[in-house]
$ cat upload-v8.pdb   # PDB, C-alpha atoms and all ligand atoms
ATOM      1  CA  MET A   4     -23.600   4.131 -11.366
ATOM      2  CA  GLU A   5     -22.389   7.742 -11.618
ATOM      3  CA  ALA A   6     -20.949   9.256  -8.440
ATOM      4  CA  ALA A   7     -21.724  12.937  -7.922
ATOM      5  CA  GLY A   8     -19.282  15.006  -9.976
ATOM      6  CA  GLY A   9     -19.433  13.003 -13.194
ATOM      7  CA  VAL A  10     -17.157  10.195 -12.031
ATOM      8  CA  ARG A  11     -18.439   6.796 -13.154
ATOM      9  CA  THR A  12     -18.282   3.830 -10.785
ATOM     10  CA  GLU A  13     -19.888   0.429 -10.692
ATOM     11  CA  TRP A  14     -21.766  -0.667  -7.618
ATOM     12  CA  ARG A  15     -20.723  -4.175  -6.697
ATOM     13  CA  TRP A  16     -18.844  -3.519  -3.479
ATOM     14  CA  THR A  17     -20.170  -5.061  -0.260
ATOM     15  CA  ARG A  18     -17.485  -4.343   2.381
ATOM     16  CA  LYS A  19     -17.463  -1.551   4.956
ATOM     17  CA  ASP A  20     -13.807  -2.391   5.760
ATOM     18  CA  LEU A  21     -10.589  -2.916   3.840
ATOM     19  CA  VAL A  22      -8.283  -4.896   6.087
ATOM     20  CA  SER A  23      -6.177  -6.891   3.634
ATOM     21  CA  LEU A  24      -5.758  -7.924   0.007
ATOM     22  CA  GLU A  25      -5.753 -11.538   1.174
ATOM     23  CA  GLU A  26      -9.507 -11.268   1.761
ATOM     24  CA  LEU A  27     -10.346  -9.618  -1.598
ATOM     25  CA  SER A  28     -11.296 -11.506  -4.745
ATOM     26  CA  ARG A  29      -9.768 -10.722  -8.116
ATOM     27  CA  GLU A  30     -13.053  -9.022  -9.084
ATOM     28  CA  GLU A  31     -13.012  -6.810  -5.986
ATOM     29  CA  ILE A  32      -9.405  -5.763  -6.650
ATOM     30  CA  GLU A  33     -10.293  -4.950 -10.259
ATOM     31  CA  LEU A  34     -13.307  -2.942  -9.106
ATOM     32  CA  VAL A  35     -11.084  -0.788  -6.862
ATOM     33  CA  LEU A  36      -8.583  -0.292  -9.720
ATOM     34  CA  ASP A  37     -11.309   0.625 -12.219
ATOM     35  CA  THR A  38     -12.937   3.018  -9.737
ATOM     36  CA  ALA A  39      -9.520   4.605  -9.066
ATOM     37  CA  GLU A  40      -9.032   5.061 -12.805
ATOM     38  CA  SER A  41     -12.222   7.102 -13.006
ATOM     39  CA  PHE A  42     -11.231   9.169  -9.952
ATOM     40  CA  LYS A  43      -7.692   9.877 -11.213
ATOM     41  CA  GLU A  44      -8.706  12.734 -13.485
ATOM     42  CA  VAL A  45     -10.262  14.641 -10.557
ATOM     43  CA  SER A  46      -6.750  15.503  -9.319
ATOM     44  CA  ALA A  47      -5.910  16.962 -12.756
ATOM     45  CA  ARG A  48      -8.893  19.338 -12.715
ATOM     46  CA  GLU A  49      -8.604  23.050 -11.963
ATOM     47  CA  VAL A  50     -10.985  22.475  -9.034
ATOM     48  CA  LYS A  51      -9.821  19.161  -7.575
ATOM     49  CA  LYS A  52     -13.049  18.142  -5.932
ATOM     50  CA  VAL A  53     -16.194  16.068  -6.441
ATOM     51  CA  PRO A  54     -19.110  15.941  -3.989
ATOM     52  CA  ALA A  55     -19.125  12.116  -3.765
ATOM     53  CA  LEU A  56     -18.644  11.971   0.051
ATOM     54  CA  ARG A  57     -20.198  15.320   1.006
ATOM     55  CA  GLY A  58     -21.575  15.083   4.552
ATOM     56  CA  LYS A  59     -19.419  12.060   5.460
ATOM     57  CA  THR A  60     -16.649  12.155   8.071
ATOM     58  CA  VAL A  61     -13.331  10.310   7.850
ATOM     59  CA  ALA A  62     -10.839  10.045  10.748
ATOM     60  CA  ASN A  63      -7.154   9.382  10.124
ATOM     61  CA  LEU A  64      -5.905   7.472  13.202
ATOM     62  CA  PHE A  65      -2.149   7.112  12.961
ATOM     63  CA  PHE A  66      -0.377   5.365  15.844
ATOM     64  CA  GLU A  67       2.861   5.152  13.796
ATOM     65  CA  PRO A  68       4.708   7.805  11.744
ATOM     66  CA  SER A  69       3.687   8.390   8.124
ATOM     67  CA  THR A  70       4.276  10.941   5.394
ATOM     68  CA  ARG A  71       2.721   9.494   2.241
ATOM     69  CA  THR A  72      -0.194   7.418   3.519
ATOM     70  CA  ARG A  73      -1.605   9.958   5.961
ATOM     71  CA  THR A  74      -1.322  12.879   3.533
ATOM     72  CA  SER A  75      -2.676  10.789   0.686
ATOM     73  CA  PHE A  76      -5.767   9.693   2.658
ATOM     74  CA  GLU A  77      -6.335  13.289   3.777
ATOM     75  CA  LEU A  78      -6.159  14.625   0.218
ATOM     76  CA  ALA A  79      -8.305  11.757  -1.069
ATOM     77  CA  ALA A  80     -11.019  12.488   1.516
ATOM     78  CA  LYS A  81     -10.895  16.225   0.765
ATOM     79  CA  ARG A  82     -11.134  15.653  -2.993
ATOM     80  CA  LEU A  83     -14.280  13.627  -2.312
ATOM     81  CA  SER A  84     -15.635  16.550  -0.189
ATOM     82  CA  ALA A  85     -15.632  14.506   3.056
ATOM     83  CA  ASP A  86     -14.799  16.136   6.377
ATOM     84  CA  ILE A  87     -11.540  14.705   7.729
ATOM     85  CA  VAL A  88      -9.983  14.771  11.189
ATOM     86  CA  ASN A  89      -6.387  13.800  11.842
ATOM     87  CA  PHE A  90      -5.424  11.976  15.001
ATOM     88  CA  SER A  91      -1.862  11.090  15.983
ATOM     89  CA  SER A  92      -1.130   9.096  19.111
ATOM     90  CA  SER A  93       1.561  11.468  20.449
ATOM     91  CA  GLY A  94      -0.889  14.340  20.982
ATOM     92  CA  SER A  95      -3.784  12.197  22.215
ATOM     93  CA  SER A  96      -5.126  10.533  25.348
ATOM     94  CA  THR A  97      -3.394   7.262  24.411
ATOM     95  CA  VAL A  98      -0.298   8.727  26.120
ATOM     96  CA  LYS A  99      -2.447   8.863  29.304
ATOM     97  CA  GLY A 100      -3.166   5.156  28.987
ATOM     98  CA  GLU A 101      -6.404   5.089  26.981
ATOM     99  CA  SER A 102      -6.805   1.796  25.119
ATOM    100  CA  LEU A 103      -7.083   1.496  21.343
ATOM    101  CA  LYS A 104     -10.615   0.170  21.714
ATOM    102  CA  ASP A 105     -11.719   3.119  23.887
ATOM    103  CA  THR A 106     -10.060   5.652  21.586
ATOM    104  CA  VAL A 107     -11.912   4.225  18.600
ATOM    105  CA  ARG A 108     -15.228   3.937  20.481
ATOM    106  CA  ASN A 109     -14.945   7.656  21.326
ATOM    107  CA  MET A 110     -14.304   8.490  17.675
ATOM    108  CA  GLU A 111     -17.365   6.491  16.723
ATOM    109  CA  ALA A 112     -19.449   8.339  19.323
ATOM    110  CA  MET A 113     -18.646  11.473  17.298
ATOM    111  CA  GLN A 114     -20.393   9.880  14.280
ATOM    112  CA  VAL A 115     -17.289   9.262  12.226
ATOM    113  CA  ASP A 116     -18.210   7.183   9.146
ATOM    114  CA  THR A 117     -14.815   5.753   8.247
ATOM    115  CA  LEU A 118     -11.649   5.179  10.298
ATOM    116  CA  VAL A 119      -8.271   4.975   8.573
ATOM    117  CA  VAL A 120      -5.948   3.180  10.978
ATOM    118  CA  ARG A 121      -2.183   2.699  11.072
ATOM    119  CA  HIS A 122      -0.835   0.702  13.995
ATOM    120  CA  SER A 123       2.356  -1.167  14.899
ATOM    121  CA  SER A 124       0.407  -4.304  15.878
ATOM    122  CA  SER A 125      -0.422  -6.819  13.155
ATOM    123  CA  GLY A 126      -4.177  -7.429  13.278
ATOM    124  CA  ALA A 127      -5.096  -4.045  14.809
ATOM    125  CA  ALA A 128      -7.362  -3.011  11.913
ATOM    126  CA  GLU A 129      -9.150  -6.371  11.787
ATOM    127  CA  TYR A 130      -9.670  -6.248  15.561
ATOM    128  CA  LEU A 131     -11.287  -2.798  15.327
ATOM    129  CA  ALA A 132     -13.384  -3.688  12.290
ATOM    130  CA  ARG A 133     -15.038  -6.480  14.294
ATOM    131  CA  PHE A 134     -16.632  -4.197  16.887
ATOM    132  CA  VAL A 135     -17.197  -0.788  15.275
ATOM    133  CA  LYS A 136     -20.079   0.077  12.946
ATOM    134  CA  ALA A 137     -17.875   2.607  11.147
ATOM    135  CA  GLY A 138     -15.790   1.410   8.223
ATOM    136  CA  VAL A 139     -12.160   0.546   8.981
ATOM    137  CA  ILE A 140      -9.409   0.936   6.400
ATOM    138  CA  ASN A 141      -6.051  -0.595   7.234
ATOM    139  CA  ALA A 142      -3.300   1.965   6.543
ATOM    140  CA  GLY A 143      -0.602  -0.510   7.624
ATOM    141  CA  ASP A 144      -0.687  -2.925  10.587
ATOM    142  CA  GLY A 145       2.681  -4.111  11.875
ATOM    143  CA  ILE A 146       4.236  -6.576   9.467
ATOM    144  CA  HIS A 147       0.843  -7.895   8.276
ATOM    145  CA  GLU A 148      -0.540  -5.842   5.354
ATOM    146  CA  HIS A 149      -0.707  -2.372   3.799
ATOM    147  CA  PRO A 150      -3.573  -2.969   1.350
ATOM    148  CA  THR A 151      -3.852   0.505  -0.176
ATOM    149  CA  GLN A 152      -0.091   0.487  -0.859
ATOM    150  CA  GLY A 153      -0.500  -2.877  -2.592
ATOM    151  CA  LEU A 154      -3.410  -1.508  -4.622
ATOM    152  CA  LEU A 155      -1.581   1.645  -5.673
ATOM    153  CA  ASP A 156       1.474  -0.419  -6.662
ATOM    154  CA  ILE A 157      -0.723  -2.695  -8.773
ATOM    155  CA  PHE A 158      -2.569   0.316 -10.248
ATOM    156  CA  THR A 159       0.793   1.846 -11.276
ATOM    157  CA  ILE A 160       1.985  -1.413 -12.853
ATOM    158  CA  ARG A 161      -1.320  -1.846 -14.732
ATOM    159  CA  GLU A 162      -1.163   1.760 -15.964
ATOM    160  CA  ARG A 163       2.315   1.171 -17.469
ATOM    161  CA  LYS A 164       2.199  -2.477 -18.530
ATOM    162  CA  LYS A 165      -1.566  -2.766 -19.261
ATOM    163  CA  ASN A 166      -1.929  -6.499 -18.475
ATOM    164  CA  LEU A 167      -0.772  -8.203 -15.292
ATOM    165  CA  GLU A 168      -1.338 -11.757 -16.527
ATOM    166  CA  GLY A 169       2.088 -13.429 -16.732
ATOM    167  CA  LEU A 170       3.958 -10.223 -15.859
ATOM    168  CA  LYS A 171       7.160 -10.874 -13.875
ATOM    169  CA  VAL A 172       7.408  -8.867 -10.654
ATOM    170  CA  CYS A 173      10.277  -9.247  -8.178
ATOM    171  CA  LEU A 174      10.053  -7.869  -4.632
ATOM    172  CA  VAL A 175      13.549  -7.120  -3.352
ATOM    173  CA  GLY A 176      14.913  -6.740   0.189
ATOM    174  CA  ASP A 177      13.355  -7.012   3.616
ATOM    175  CA  ILE A 178      10.420  -9.316   2.869
ATOM    176  CA  LEU A 179      10.214 -10.583   6.462
ATOM    177  CA  HIS A 180       9.178  -7.263   8.007
ATOM    178  CA  SER A 181       7.317  -5.868   4.998
ATOM    179  CA  ARG A 182       3.538  -5.418   5.066
ATOM    180  CA  VAL A 183       3.917  -3.920   1.578
ATOM    181  CA  ALA A 184       5.421  -7.202   0.324
ATOM    182  CA  ARG A 185       2.533  -9.249   1.716
ATOM    183  CA  SER A 186      -0.132  -7.006   0.155
ATOM    184  CA  ASN A 187       1.711  -7.019  -3.186
ATOM    185  CA  ILE A 188       2.016 -10.811  -3.148
ATOM    186  CA  TRP A 189      -1.693 -11.368  -2.422
ATOM    187  CA  GLY A 190      -2.861  -8.793  -4.960
ATOM    188  CA  LEU A 191      -0.451  -9.546  -7.801
ATOM    189  CA  THR A 192      -0.846 -13.322  -7.669
ATOM    190  CA  LYS A 193      -4.652 -12.964  -7.741
ATOM    191  CA  LEU A 194      -4.294 -10.904 -10.926
ATOM    192  CA  GLY A 195      -2.089 -13.539 -12.575
ATOM    193  CA  ALA A 196       1.384 -11.982 -12.211
ATOM    194  CA  LYS A 197       4.438 -14.201 -11.662
ATOM    195  CA  VAL A 198       5.848 -12.970  -8.370
ATOM    196  CA  SER A 199       9.306 -13.643  -6.971
ATOM    197  CA  VAL A 200      11.117 -12.386  -3.895
ATOM    198  CA  CYS A 201      14.845 -11.806  -3.425
ATOM    199  CA  GLY A 202      16.796 -10.818  -0.349
ATOM    200  CA  PRO A 203      19.177 -12.075   2.347
ATOM    201  CA  PRO A 204      18.056 -15.515   3.628
ATOM    202  CA  THR A 205      17.551 -13.957   7.081
ATOM    203  CA  LEU A 206      14.957 -11.519   5.654
ATOM    204  CA  ILE A 207      12.913 -14.057   3.665
ATOM    205  CA  PRO A 208      10.095 -15.645   5.745
ATOM    206  CA  SER A 209      10.117 -19.430   5.856
ATOM    207  CA  LYS A 210       7.354 -21.082   3.770
ATOM    208  CA  ILE A 211       6.810 -17.881   1.722
ATOM    209  CA  GLU A 212       6.557 -20.189  -1.341
ATOM    210  CA  GLU A 213       3.162 -21.256   0.005
ATOM    211  CA  LEU A 214       1.876 -17.809  -1.054
ATOM    212  CA  GLY A 215       2.664 -18.703  -4.681
ATOM    213  CA  VAL A 216       6.016 -16.936  -5.089
ATOM    214  CA  THR A 217       9.479 -18.140  -6.038
ATOM    215  CA  VAL A 218      12.505 -17.271  -3.910
ATOM    216  CA  GLY A 219      15.992 -16.119  -4.905
ATOM    217  CA  TYR A 220      18.978 -14.953  -2.922
ATOM    218  CA  ASP A 221      21.268 -13.710  -5.731
ATOM    219  CA  LEU A 222      20.018 -10.316  -6.897
ATOM    220  CA  ASP A 223      22.020 -10.270 -10.139
ATOM    221  CA  GLU A 224      20.290 -13.522 -11.121
ATOM    222  CA  ALA A 225      16.873 -12.519  -9.775
ATOM    223  CA  ILE A 226      16.542  -9.271 -11.717
ATOM    224  CA  ARG A 227      17.114 -10.851 -15.165
ATOM    225  CA  GLY A 228      13.932 -10.892 -17.257
ATOM    226  CA  GLN A 229      11.799  -9.115 -14.658
ATOM    227  CA  ASP A 230       9.226  -6.572 -15.851
ATOM    228  CA  VAL A 231       9.018  -4.857 -12.469
ATOM    229  CA  LEU A 232      11.393  -4.546  -9.509
ATOM    230  CA  ASN A 233       9.640  -3.372  -6.349
ATOM    231  CA  ILE A 234      12.421  -2.426  -3.949
ATOM    232  CA  LEU A 235      11.485  -2.546  -0.278
ATOM    233  CA  ARG A 236      12.772  -0.400   2.512
ATOM    234  CA  ILE A 237      15.106  -1.889   5.094
ATOM    235  CA  GLN A 238      12.900  -1.646   8.168
ATOM    236  CA  LEU A 239      15.470  -1.011  10.866
ATOM    237  CA  GLU A 240      12.721   0.013  13.331
ATOM    238  CA  ARG A 241      11.219  -3.499  13.170
ATOM    239  CA  GLN A 242      14.485  -5.473  13.179
ATOM    240  CA  ARG A 243      15.331  -6.688  16.652
ATOM    241  CA  GLY A 244      18.417  -8.656  15.642
ATOM    242  CA  ALA A 245      21.347  -8.532  13.235
ATOM    243  CA  PHE A 246      19.766  -9.688   9.961
ATOM    244  CA  PHE A 247      22.806  -8.734   7.865
ATOM    245  CA  PRO A 248      26.420  -7.852   8.743
ATOM    246  CA  SER A 249      26.297  -4.112   7.932
ATOM    247  CA  ILE A 250      24.404  -1.554   5.876
ATOM    248  CA  ARG A 251      27.408  -1.342   3.543
ATOM    249  CA  GLU A 252      27.324  -5.066   2.857
ATOM    250  CA  TYR A 253      23.562  -5.017   2.389
ATOM    251  CA  ALA A 254      23.909  -2.219  -0.180
ATOM    252  CA  ALA A 255      26.635  -4.143  -2.024
ATOM    253  CA  GLU A 256      24.637  -7.406  -2.167
ATOM    254  CA  TYR A 257      21.031  -6.174  -2.439
ATOM    255  CA  GLY A 258      21.124  -2.481  -3.388
ATOM    256  CA  ILE A 259      19.997  -1.489  -6.903
ATOM    257  CA  SER A 260      22.872   0.476  -8.411
ATOM    258  CA  LYS A 261      23.037   1.907 -11.929
ATOM    259  CA  GLU A 262      25.520  -0.822 -12.907
ATOM    260  CA  ARG A 263      23.307  -3.594 -11.543
ATOM    261  CA  LEU A 264      20.274  -2.177 -13.334
ATOM    262  CA  GLU A 265      22.049  -2.749 -16.673
ATOM    263  CA  ARG A 266      21.372  -6.491 -16.202
ATOM    264  CA  ALA A 267      17.613  -5.841 -16.166
ATOM    265  CA  LYS A 268      15.181  -5.549 -19.082
ATOM    266  CA  LYS A 269      15.357  -2.267 -20.990
ATOM    267  CA  ASP A 270      11.768  -1.395 -20.011
ATOM    268  CA  VAL A 271      11.908  -2.579 -16.390
ATOM    269  CA  LEU A 272       9.923  -0.494 -13.884
ATOM    270  CA  ILE A 273      11.619   0.487 -10.627
ATOM    271  CA  MET A 274       9.204   0.902  -7.749
ATOM    272  CA  HIS A 275       9.606   1.725  -4.059
ATOM    273  CA  PRO A 276       6.856   2.366  -1.499
ATOM    274  CA  GLY A 277       8.930   5.015   0.303
ATOM    275  CA  PRO A 278      10.516   6.321   2.352
ATOM    276  CA  VAL A 279      13.683   5.508   0.352
ATOM    277  CA  ASN A 280      16.996   4.933   2.121
ATOM    278  CA  ARG A 281      19.095   6.400  -0.695
ATOM    279  CA  GLY A 282      22.372   4.559  -1.186
ATOM    280  CA  VAL A 283      21.135   1.521   0.759
ATOM    281  CA  GLU A 284      18.347  -0.326  -1.074
ATOM    282  CA  LEU A 285      18.391   2.051  -4.039
ATOM    283  CA  ALA A 286      21.028   4.375  -5.525
ATOM    284  CA  GLY A 287      19.854   7.979  -5.805
ATOM    285  CA  GLU A 288      20.461   7.988  -9.583
ATOM    286  CA  VAL A 289      18.191   4.910  -9.940
ATOM    287  CA  ALA A 290      15.476   6.397  -7.720
ATOM    288  CA  ASP A 291      15.500   9.523  -9.907
ATOM    289  CA  GLY A 292      16.259   7.732 -13.196
ATOM    290  CA  PRO A 293      14.146   6.955 -16.273
ATOM    291  CA  HIS A 294      12.951   3.529 -15.031
ATOM    292  CA  SER A 295      11.636   4.909 -11.752
ATOM    293  CA  VAL A 296       7.882   5.270 -11.227
ATOM    294  CA  ILE A 297       8.210   6.070  -7.527
ATOM    295  CA  LEU A 298       6.480   9.444  -7.748
ATOM    296  CA  ASP A 299       3.775   8.002 -10.040
ATOM    297  CA  GLN A 300       3.040   5.594  -7.191
ATOM    298  CA  VAL A 301       2.519   8.576  -4.882
ATOM    299  CA  THR A 302       0.269  10.356  -7.403
ATOM    300  CA  ASN A 303      -1.762   7.193  -7.993
ATOM    301  CA  GLY A 304      -2.107   6.669  -4.241
ATOM    302  CA  ILE A 305      -4.631   9.500  -4.072
ATOM    303  CA  ALA A 306      -6.868   8.013  -6.790
ATOM    304  CA  VAL A 307      -6.685   4.553  -5.222
ATOM    305  CA  ARG A 308      -7.521   5.910  -1.752
ATOM    306  CA  MET A 309     -10.382   7.967  -3.195
ATOM    307  CA  ALA A 310     -11.750   4.725  -4.637
ATOM    308  CA  VAL A 311     -11.335   2.813  -1.362
ATOM    309  CA  LEU A 312     -12.870   5.622   0.723
ATOM    310  CA  PHE A 313     -15.768   5.964  -1.697
ATOM    311  CA  LEU A 314     -16.562   2.251  -1.961
ATOM    312  CA  THR A 315     -16.279   1.481   1.780
ATOM    313  CA  THR A 316     -18.040   4.625   3.016
ATOM    314  CA  MET A 317     -20.996   4.420   0.610
ATOM    315  CA  VAL A 318     -21.668   0.726   1.118
ATOM    316  CA  GLU A 319     -24.985  -0.147   2.755
ATOM    317  CA  ARG A 320     -24.446  -0.931   6.474
TER     318      ARG A 320
HETATM  319  N1  LIG A 401       4.600   3.892   1.827
HETATM  320  C1  LIG A 401       4.256   4.323   3.064
HETATM  321  O1  LIG A 401       3.461   3.687   3.784
HETATM  322  O2  LIG A 401       4.828   5.508   3.410
HETATM  323  P1  LIG A 401       4.538   6.295   4.785
HETATM  324  O3  LIG A 401       5.109   5.463   5.896
HETATM  325  O4  LIG A 401       5.212   7.636   4.639
HETATM  326  O5  LIG A 401       3.057   6.428   4.936
END
$ encode --input "upload-v8.pdb" --output "structure tokens"
Amino acid sequence: MEAAGGVRTEWRWTRKDLVSLEELSREEIELVLDTAESFKEVSAREVKKVPALRGKTVANLFFEPSTRTRTSFELAAKRLSADIVNFSSSGSSTVKGESLKDTVRNMEAMQVDTLVVRHSSSGAAEYLARFVKAGVINAGDGIHEHPTQGLLDIFTIRERKKNLEGLKVCLVGDILHSRVARSNIWGLTKLGAKVSVCGPPTLIPSKIEELGVTVGYDLDEAIRGQDVLNILRIQLERQRGAFFPSIREYAAEYGISKERLERAKKDVLIMHPGPVNRGVELAGEVADGPHSVILDQVTNGIAVRMAVLFLTTMVER
């Protein structure tokens, strides 16, 4: 099928919602990645727009702060010619006590086609998807999943390394509180990558091996032979206890410094979902260095979100 604007897509998608990568098959993940590949060149055009979602309305409902995801979904919707409204909880009737369900029902009454939802509660997007006719895209729910971040990470790895089968990817840091880690693990393992996690024992969930990953606690050991290091943010806002003695000790044990990076493969990719705590999980010179693809991740996020918006919004309801 050819979407309006000369962008080619295949039509095998059957979901109105994207709640998690756990629920997607390998074929569905590959369809999103392939669709994103065909949308990527739109952002390089002089006129960065195709009419693929003309006449459709997308609402960005963000109940938690965001820079990248919210902006990226807004630009993705605009580049597909959809109308987009931005909602943030601080300026809304939720501060007067309106429930999430009522807020969303009111949005739906305004004939919104697709809701992009970020919420601090794990399961919020799935809960909404069950009772609204509109599509629901999870833009991060608590510590559960951040599926479009997982997809854009995988898209960026595939773009650089071509084949994910057998590729070694290590997720480093606060795995316990990371929805990005969970989406990466589900997506990467389905595509055949060998995934490992490394961090302080207090920040590694028990039984994480059941998701098909190996676990390490010594970063200098863990980074050897890896093709990709995806460095996760220390999520101080979600940590209700002392998970490590101090930020300084965390940085010494689990931060990626220039010296530590010398132990890694010469062509290792350094990734980070953002926002980066410079000098904590990642040294500034590594974040800005030749191995870093952090800003490519941000660029690719628009193409991936265009693909997700297009596939979920245009599906037959
Ligand atoms: N990666 C990510 O979700 O960033 P934001 O919190 O800025 O959206």
$ resolve_selection --input "upload-v8.pdb" --expression "the PyMOL selection byres (((not hetatm)) within 6 of (chain A and resi 401))" --output "PyMOL selection string"
chain A and resi 69-73+276-278
$ atom_distance --input "upload-v8.pdb" --atom1 "atom CA of A:Lys165" --atom2 "atom CA of A:Ala310"
19.3 Å
$ resolve_selection --input "upload-v8.pdb" --expression "the PyMOL selection byres (((chain A and resi 167) around 9) and not hetatm)" --output "list in words"
Ile157, Ile160, Arg161, Lys164, Lys165, Asn166, Glu168, Gly169, Leu170, Lys171, Leu191, Leu194, Gly195, Ala196 and Lys197 of chain A
$ write_last_selection --input "upload-v8.pdb" --atoms "C-alpha atoms" --output "PDB file, in the frame of the given file"
ATOM      1  CA  ILE A 157      -0.723  -2.695  -8.773  1.00  0.00           C
ATOM      2  CA  ILE A 160       1.985  -1.413 -12.853  1.00  0.00           C
ATOM      3  CA  ARG A 161      -1.320  -1.846 -14.732  1.00  0.00           C
ATOM      4  CA  LYS A 164       2.199  -2.477 -18.530  1.00  0.00           C
ATOM      5  CA  LYS A 165      -1.566  -2.766 -19.261  1.00  0.00           C
ATOM      6  CA  ASN A 166      -1.929  -6.499 -18.475  1.00  0.00           C
ATOM      7  CA  GLU A 168      -1.338 -11.757 -16.527  1.00  0.00           C
ATOM      8  CA  GLY A 169       2.088 -13.429 -16.732  1.00  0.00           C
ATOM      9  CA  LEU A 170       3.958 -10.223 -15.859  1.00  0.00           C
ATOM     10  CA  LYS A 171       7.160 -10.874 -13.875  1.00  0.00           C
ATOM     11  CA  LEU A 191      -0.451  -9.546  -7.801  1.00  0.00           C
ATOM     12  CA  LEU A 194      -4.294 -10.904 -10.926  1.00  0.00           C
ATOM     13  CA  GLY A 195      -2.089 -13.539 -12.575  1.00  0.00           C
ATOM     14  CA  ALA A 196       1.384 -11.982 -12.211  1.00  0.00           C
ATOM     15  CA  LYS A 197       4.438 -14.201 -11.662  1.00  0.00           C
TER      16      LYS A 197
END
$ atom_distance --input "upload-v8.pdb" --atom1 "atom CA of A:Val198" --atom2 "atom CA of A:Arg227"
13.3 Å
$ resolve_selection --input "upload-v8.pdb" --expression "the PyMOL selection byres (((chain A and resi 316) around 7) and not hetatm)" --output "VMD selection string"
chain A and resid 19 116 to 117 138 312 to 315 317 to 318
$ closest_residue --input "upload-v8.pdb" --among "A:Thr106, A:Ser249, A:Asn187, A:Gln114" --to "A:Ser92" --atoms "all atoms listed in the file"
A:Thr106
$ closest_residue --input "upload-v8.pdb" --among "A:Asp291, A:Asp156, A:Glu256, A:Glu30" --to "A:Asn303" --atoms "all atoms listed in the file"
A:Asp156
$ residues_around --input "upload-v8.pdb" --residues "A:Ile207" --least-positions-apart "4" --cutoff "7 Å" --atoms "only C-alpha atoms" --output "ChimeraX atom specification"
/A:178-179,202-203
$ residues_around --input "upload-v8.pdb" --residues "A:Leu56" --least-positions-apart "6" --cutoff "6 Å" --atoms "all atoms listed in the file" --output "CSV table (one decimal) with C-alpha atoms, in the frame of the given file"
chain,number,residue,atom,x,y,z
A,83,LEU,CA,-14.3,13.6,-2.3
A,84,SER,CA,-15.6,16.6,-0.2
A,85,ALA,CA,-15.6,14.5,3.1
$ atom_distance --input "upload-v8.pdb" --atom1 "atom CA of A:Val183" --atom2 "atom CA of A:Ile146"
8.3 Å
$ axis_aligned_box --input "upload-v8.pdb" --around "stretch 14-22 of chain A" --padding-each-side "4 Å" --output "JSON"
{"center_x": -15.0, "center_y": -2.9, "center_z": -0.8, "size_x": 21.5, "size_y": 12.4, "size_z": 21.7}
$ closest_residue --input "upload-v8.pdb" --among "A:Met309, A:Glu101, A:Tyr257, A:Arg57" --to "A:Ala225" --atoms "only C-alpha atoms"
A:Tyr257
